[in-house]
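Undergrad: Please read through the structure below; I'll follow up with questions.
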Amino acid sequence: MAAIVAVALFILFISSSVNALSLNYYGKTCPRLDSTVTTAVKKAIKNDKTVPAALLRMHFHDCFIRGCDASVLLQSKGKNKAEKDGPPNISLHAFYVIDNAKKAVEALCPGVVSCADILALAARDAVALSGGPTWEVPKGRKDGRISKASETIQLPAPTFNISQLQQSFSQRGLSSKDLVALSGGHTLGFAHCSSFQNRIHKFNTTQDVDPSLHPSFAANLRSICPAHNKAKNAGTALDSTTAGFDNAYFKLLLQGKSVFSSDQALLTAPTTKALVSKFASSQMEFRNAFVKSMIKMSSITGGQEIRLDCKVVR
Ligand code: HEM
Ligand SMILES: *[C@@H]1O[C@H](CO)[C@@H](O)[C@H](O)[C@H]1NC(C)=O
Ligand SMILES: *[C@@H]1O[C@H](CO)[C@@H](O)[C@H](O)[C@H]1NC(C)=O
Ligand SMILES: *[C@@H]1O[C@H](CO)[C@@H](O)[C@H](O)[C@H]1NC(C)=O
């Protein structure tokens, strides 16, 4: 009996430790990992200021589907259409940055570091190099073997209301505070017209434009994105300080100057609204909360292996 219990405990220990993350995970096997990734990210940003937003969004997308397992990096193969080729891929780009970082890491410590860890580190660097906070990334994620375009419907949509957003986050162990703090990621980057079309044309049967939008802000969005918009790449910055990581997103949100319905929705429940106000008035509160929530989100694990090329399973 005691032996059975011991074996059961041992198995439990093994299975729970498989994906346990730790700060020093590569301390012996790849001590220069962090700086190697940072160098690759820095180099890319020098040539393209849209890289930080892309890396942050990529990591979020990765973590919300099958956990942070680099499933977002896999390319379609044969009949299988990968996440990359699913509808919400409109904002995904700069995959080459992860490929370059992976190459540099492989040259240093072959076959040891997961693509999922590299993406988590690159997202951290993206925030820090944009003037945001920095933090130590727990490591030890494994890469997954499955990526399906059809699963991208599991990502929260920009048309979601507050209960849909809360449900999407709680299914992944994330709280309302995480939801508000992480929505602050919209301090970086760009949105295409299709992502906020619902707010500026045919909002509902009685209102053409979402009345919660500030009138001049709405007028500007409508001029960028006319009803029968033909310019596929048209769109707008997510906040007025698009390349800088700060709490401007929350200040603008309180003024009716957010881009997505899902941003505006944060004002429709008392608890989330209070957090928006708190983050709008304190850069420090936002930065601290963002770091905590990023570590939580990036600790949703899911994979099994260490890929050699981030685009293909082993
Ligand atoms: C709360 C639910 C969320 C929804 C509904 C949402 C939705 C979207 C949408 C629709 C876009 C623009 C796509 C386009 O038109 O190109 C976008 C962009 C972006 N999102 Fe979110 N998002 C959410 C949460 C997050 C989180 C948690 C993060 C990271 C912490 C994040 C970071 C970003 C960034 C950085 C961009 C800009 C990407 C770029 O410019 O390349 N979002 N988001
Ligand atoms: C998005 O998906 C489409 C269609 O599957 C594909 O042609 C396009 O290259 C993808 N875009 C990105 C950035 O991967
Ligand atoms: C959010 O949308 C869902 C689905 O359309 C609906 O059932 C729910 O009542 C809505 N919740 C709020 C708070 O509007
Ligand atoms: C349209 O939206 C406004 C503002 O949210 C709301 O007050 C109104 O009831 C909505 N109308 C319909 C028919 O849903």
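Ligands are numbered from 1 in the order shown, chains are lettered A, B, ... in the order of the structure tokens, and residues start at 1 in each chain.
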Check stretch 131-209 of chain A with DSSP on the backbone and list each residue it calls strand (DSSP E or B), as a list of chain:residue names.
TA: A:Lys139, A:Asp143, A:Phe190, A:Ala191, A:His192
Undergrad: Taking only C-alpha atoms and all ligand atoms and a cut-off of 9 Å, can you tell me which residues surround ligand 3, written as a ChimeraX atom specification?
TA: /A:160-165,265,268-269
Undergrad: Distance atom CA of A:Ser240-atom CA of A:Phe217, one decimal place?
TA: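 Atom-to-atom, atom CA of A:Ser240 and atom CA of A:Phe217 are spaced 11.4 Å apart.
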Undergrad: Would you tabulate, counting only C-alpha atoms and all ligand atoms, all residues of chain A that have an atom at most 8 Å from an atom of ligand 1, showing the closest pair of atoms and their distance in Å to one decimal, sorted by chain then ascending number, as a tab-separated table?
TA:
```
residue	atom	partner	partner_atom_place_in_ligand_line	distance
A:Thr50	CA	ligand 1	41 (O)	6.3
A:Val51	CA	ligand 1	41 (O)	7.1
A:Pro52	CA	ligand 1	35 (C)	7.3
A:Ala53	CA	ligand 1	35 (C)	3.9
A:Ala54	CA	ligand 1	41 (O)	3.7
A:Leu55	CA	ligand 1	35 (C)	7.3
A:Leu56	CA	ligand 1	35 (C)	5.0
A:Arg57	CA	ligand 1	32 (C)	4.2
A:Met58	CA	ligand 1	38 (C)	8.0
A:His59	CA	ligand 1	29 (C)	7.3
A:Phe60	CA	ligand 1	29 (C)	5.1
A:His61	CA	ligand 1	28 (C)	7.9
A:Pro88	CA	ligand 1	13 (C)	7.0
A:Asn89	CA	ligand 1	16 (O)	7.8
A:Ile90	CA	ligand 1	16 (O)	5.0
A:Ser91	CA	ligand 1	16 (O)	3.7
A:Leu92	CA	ligand 1	41 (O)	6.1
A:His93	CA	ligand 1	41 (O)	6.7
A:Leu155	CA	ligand 1	5 (C)	7.4
A:Pro156	CA	ligand 1	5 (C)	4.6
A:Ala157	CA	ligand 1	5 (C)	4.2
A:Pro158	CA	ligand 1	5 (C)	3.8
A:Thr159	CA	ligand 1	5 (C)	6.8
A:Phe160	CA	ligand 1	5 (C)	6.5
A:Leu165	CA	ligand 1	1 (C)	6.2
A:Phe169	CA	ligand 1	1 (C)	7.9
A:Leu179	CA	ligand 1	1 (C)	5.9
A:Val180	CA	ligand 1	1 (C)	7.6
A:Leu182	CA	ligand 1	27 (C)	4.3
A:Ser183	CA	ligand 1	24 (C)	5.0
A:Gly184	CA	ligand 1	30 (C)	6.8
A:Gly185	CA	ligand 1	30 (C)	4.3
A:His186	CA	ligand 1	33 (C)	5.1
A:Thr187	CA	ligand 1	35 (C)	7.1
A:Leu188	CA	ligand 1	35 (C)	4.9
A:Gly189	CA	ligand 1	40 (O)	3.2
A:Phe190	CA	ligand 1	40 (O)	3.8
A:Ala191	CA	ligand 1	15 (O)	3.6
A:His192	CA	ligand 1	15 (O)	3.6
A:Cys193	CA	ligand 1	15 (O)	6.5
A:Ser194	CA	ligand 1	15 (O)	6.3
A:Ser195	CA	ligand 1	15 (O)	4.7
A:Phe196	CA	ligand 1	10 (C)	7.5
A:Gly235	CA	ligand 1	15 (O)	7.4
A:Ala237	CA	ligand 1	40 (O)	7.7
A:Leu238	CA	ligand 1	37 (C)	7.1
A:Phe260	CA	ligand 1	10 (C)	7.0
A:Ser262	CA	ligand 1	5 (C)	5.3
A:Asp263	CA	ligand 1	1 (C)	7.3
A:Met294	CA	ligand 1	30 (C)	6.8
```
Undergrad: Per residue of chain A within 10 Å of ligand 2, which atom pair is closest and at what distance in Å (one decimal), using only C-alpha atoms and all ligand atoms, listed by chain and increasing number, as a tab-separated table?
TA:
```
residue	atom	partner	partner_atom_place_in_ligand_line	distance
A:Val72	CA	ligand 2	14 (O)	9.7
A:Leu73	CA	ligand 2	14 (O)	9.5
A:Gln75	CA	ligand 2	14 (O)	8.7
A:Ser76	CA	ligand 2	5 (O)	9.0
A:Lys81	CA	ligand 2	5 (O)	7.4
A:Ala82	CA	ligand 2	5 (O)	8.4
A:Glu83	CA	ligand 2	2 (O)	8.4
A:Lys84	CA	ligand 2	14 (O)	4.9
A:Asp85	CA	ligand 2	2 (O)	3.4
A:Gly86	CA	ligand 2	2 (O)	5.4
A:Pro87	CA	ligand 2	2 (O)	6.3
A:Pro88	CA	ligand 2	1 (C)	7.8
A:Asn89	CA	ligand 2	1 (C)	5.0
A:Ile90	CA	ligand 2	13 (C)	6.1
A:Ser91	CA	ligand 2	13 (C)	7.0
A:Leu92	CA	ligand 2	13 (C)	5.0
A:His93	CA	ligand 2	13 (C)	5.1
A:Ala94	CA	ligand 2	13 (C)	8.3
A:Phe95	CA	ligand 2	13 (C)	8.5
A:Ala149	CA	ligand 2	5 (O)	8.2
```
Undergrad: For the selection you just gave me, I'd like the residues written to a file as a CSV table (one decimal), in the first residue's frame, keeping all heavy atoms.
TA:
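Okay, again38.csv is ready:
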```
chain,number,residue,atom,x,y,z
A,72,VAL,N,1.6,29.3,-32.4
A,72,VAL,CA,1.4,30.4,-33.4
A,72,VAL,C,2.5,30.5,-34.4
A,72,VAL,O,2.4,31.1,-35.4
A,72,VAL,CB,1.3,31.7,-32.6
A,72,VAL,CG1,2.6,32.1,-31.9
A,72,VAL,CG2,0.7,32.8,-33.4
A,73,LEU,N,3.7,29.8,-34.1
A,73,LEU,CA,4.8,29.9,-35.0
A,73,LEU,C,4.8,28.9,-36.1
A,73,LEU,O,5.6,29.0,-37.1
A,73,LEU,CB,6.1,29.9,-34.2
A,73,LEU,CG,6.3,30.9,-33.1
A,73,LEU,CD1,7.7,30.6,-32.4
A,73,LEU,CD2,6.3,32.3,-33.6
A,75,GLN,N,4.1,26.6,-39.3
A,75,GLN,CA,3.5,26.9,-40.6
A,75,GLN,C,2.6,25.8,-41.0
A,75,GLN,O,2.6,24.7,-40.6
A,75,GLN,CB,4.7,27.1,-41.6
A,75,GLN,CG,5.5,25.8,-41.9
A,75,GLN,CD,6.8,26.1,-42.7
A,75,GLN,OE1,7.2,27.3,-42.8
A,75,GLN,NE2,7.4,25.1,-43.1
A,76,SER,N,1.6,26.2,-41.9
A,76,SER,CA,0.7,25.2,-42.4
A,76,SER,C,1.4,24.1,-43.2
A,76,SER,O,2.5,24.3,-43.7
A,76,SER,CB,-0.3,25.9,-43.4
A,76,SER,OG,-1.0,26.9,-42.8
A,81,LYS,N,-4.2,23.7,-42.0
A,81,LYS,CA,-4.0,25.1,-42.0
A,81,LYS,C,-3.6,25.6,-40.6
A,81,LYS,O,-4.4,25.3,-39.6
A,81,LYS,CB,-5.3,25.8,-42.4
A,81,LYS,CG,-5.1,26.9,-43.5
A,81,LYS,CD,-6.4,27.4,-44.0
A,81,LYS,CE,-6.5,28.9,-44.1
A,81,LYS,NZ,-7.8,29.4,-44.4
A,82,ALA,N,-2.5,26.2,-40.4
A,82,ALA,CA,-2.0,26.5,-39.1
A,82,ALA,C,-2.6,27.9,-38.6
A,82,ALA,O,-3.2,28.6,-39.4
A,82,ALA,CB,-0.5,26.7,-39.1
A,83,GLU,N,-2.5,28.1,-37.3
A,83,GLU,CA,-3.0,29.4,-36.7
A,83,GLU,C,-2.6,30.6,-37.5
A,83,GLU,O,-3.4,31.5,-37.6
A,83,GLU,CB,-2.5,29.5,-35.2
A,83,GLU,CG,-3.1,28.6,-34.2
A,83,GLU,CD,-2.4,28.7,-32.9
A,83,GLU,OE1,-1.9,29.8,-32.5
A,83,GLU,OE2,-2.3,27.7,-32.2
A,84,LYS,N,-1.4,30.6,-37.9
A,84,LYS,CA,-0.8,31.7,-38.7
A,84,LYS,C,-1.7,32.1,-39.9
A,84,LYS,O,-1.6,33.2,-40.3
A,84,LYS,CB,0.5,31.1,-39.3
A,84,LYS,CG,1.7,31.8,-38.9
A,84,LYS,CD,2.9,31.2,-39.7
A,84,LYS,CE,4.1,31.4,-38.9
A,84,LYS,NZ,5.3,30.8,-39.5
A,85,ASP,N,-2.4,31.1,-40.4
A,85,ASP,CA,-3.2,31.3,-41.6
A,85,ASP,C,-4.7,31.4,-41.3
A,85,ASP,O,-5.5,31.4,-42.2
A,85,ASP,CB,-2.9,30.2,-42.6
A,85,ASP,CG,-1.5,30.4,-43.2
A,85,ASP,OD1,-1.1,31.5,-43.4
A,85,ASP,OD2,-0.9,29.3,-43.4
A,86,GLY,N,-5.0,31.6,-40.0
A,86,GLY,CA,-6.4,31.8,-39.6
A,86,GLY,C,-6.8,33.2,-39.7
A,86,GLY,O,-5.9,34.1,-39.8
A,87,PRO,N,-8.1,33.5,-39.6
A,87,PRO,CA,-8.6,34.9,-39.8
A,87,PRO,C,-8.0,36.0,-38.9
A,87,PRO,O,-7.6,37.0,-39.3
A,87,PRO,CB,-10.1,34.8,-39.5
A,87,PRO,CG,-10.4,33.3,-39.7
A,87,PRO,CD,-9.2,32.6,-39.4
A,88,PRO,N,-7.8,35.7,-37.6
A,88,PRO,CA,-7.2,36.8,-36.7
A,88,PRO,C,-5.7,37.1,-37.0
A,88,PRO,O,-5.1,37.8,-36.3
A,88,PRO,CB,-7.4,36.3,-35.3
A,88,PRO,CG,-8.2,35.1,-35.4
A,88,PRO,CD,-8.0,34.5,-36.8
A,89,ASN,N,-5.2,36.4,-38.1
A,89,ASN,CA,-3.7,36.6,-38.4
A,89,ASN,C,-3.5,38.0,-39.0
A,89,ASN,O,-2.3,38.3,-39.2
A,89,ASN,CB,-3.2,35.5,-39.3
A,89,ASN,CG,-3.6,35.8,-40.7
A,89,ASN,OD1,-4.4,36.7,-41.1
A,89,ASN,ND2,-3.0,34.9,-41.6
A,90,ILE,N,-4.5,38.8,-39.1
A,90,ILE,CA,-4.3,40.1,-39.7
A,90,ILE,C,-3.3,40.9,-39.0
A,90,ILE,O,-2.6,41.7,-39.7
A,90,ILE,CB,-5.7,40.8,-39.7
A,90,ILE,CG1,-5.7,42.2,-40.5
A,90,ILE,CG2,-6.3,41.0,-38.3
A,90,ILE,CD1,-7.1,42.7,-40.8
A,91,SER,N,-3.1,40.7,-37.7
A,91,SER,CA,-2.2,41.6,-37.0
A,91,SER,C,-0.8,40.8,-36.8
A,91,SER,O,0.1,41.4,-36.2
A,91,SER,CB,-2.7,41.9,-35.6
A,91,SER,OG,-2.9,40.7,-34.9
A,92,LEU,N,-0.7,39.6,-37.2
A,92,LEU,CA,0.5,38.8,-37.0
A,92,LEU,C,1.6,39.2,-38.0
A,92,LEU,O,1.3,39.1,-39.2
A,92,LEU,CB,0.2,37.3,-36.9
A,92,LEU,CG,-0.6,36.8,-35.8
A,92,LEU,CD1,-0.9,35.3,-36.0
A,92,LEU,CD2,0.0,37.0,-34.4
A,93,HIS,N,2.7,39.5,-37.5
A,93,HIS,CA,3.9,39.7,-38.5
A,93,HIS,C,5.2,39.7,-37.6
A,93,HIS,O,5.1,39.5,-36.4
A,93,HIS,CB,3.8,41.0,-39.3
A,93,HIS,CG,3.9,42.2,-38.5
A,93,HIS,ND1,2.8,42.7,-37.7
A,93,HIS,CD2,4.9,43.1,-38.3
A,93,HIS,CE1,3.2,43.8,-37.1
A,93,HIS,NE2,4.4,44.1,-37.5
A,94,ALA,N,6.3,39.8,-38.3
A,94,ALA,CA,7.6,39.8,-37.7
A,94,ALA,C,8.0,38.4,-37.1
A,94,ALA,O,8.8,38.3,-36.1
A,94,ALA,CB,7.7,40.9,-36.6
A,95,PHE,N,7.5,37.4,-37.7
A,95,PHE,CA,7.9,36.0,-37.3
A,95,PHE,C,9.4,35.8,-37.4
A,95,PHE,O,10.1,35.0,-36.7
A,95,PHE,CB,7.2,34.9,-38.1
A,95,PHE,CG,5.7,34.8,-37.8
A,95,PHE,CD1,4.8,35.3,-38.7
A,95,PHE,CD2,5.3,34.2,-36.6
A,95,PHE,CE1,3.4,35.2,-38.4
A,95,PHE,CE2,3.9,34.1,-36.3
A,95,PHE,CZ,3.0,34.6,-37.2
A,149,ALA,N,-5.8,26.6,-37.7
A,149,ALA,CA,-6.4,27.8,-38.0
A,149,ALA,C,-7.8,27.9,-37.4
A,149,ALA,O,-8.2,28.9,-36.9
A,149,ALA,CB,-6.5,28.1,-39.5
```
Undergrad: I'd like to know which of A:Gln167, A:Ser114, A:Asn100, A:Gln207 is closest to A:Thr301, using only C-alpha atoms.
TA: A:Ser114
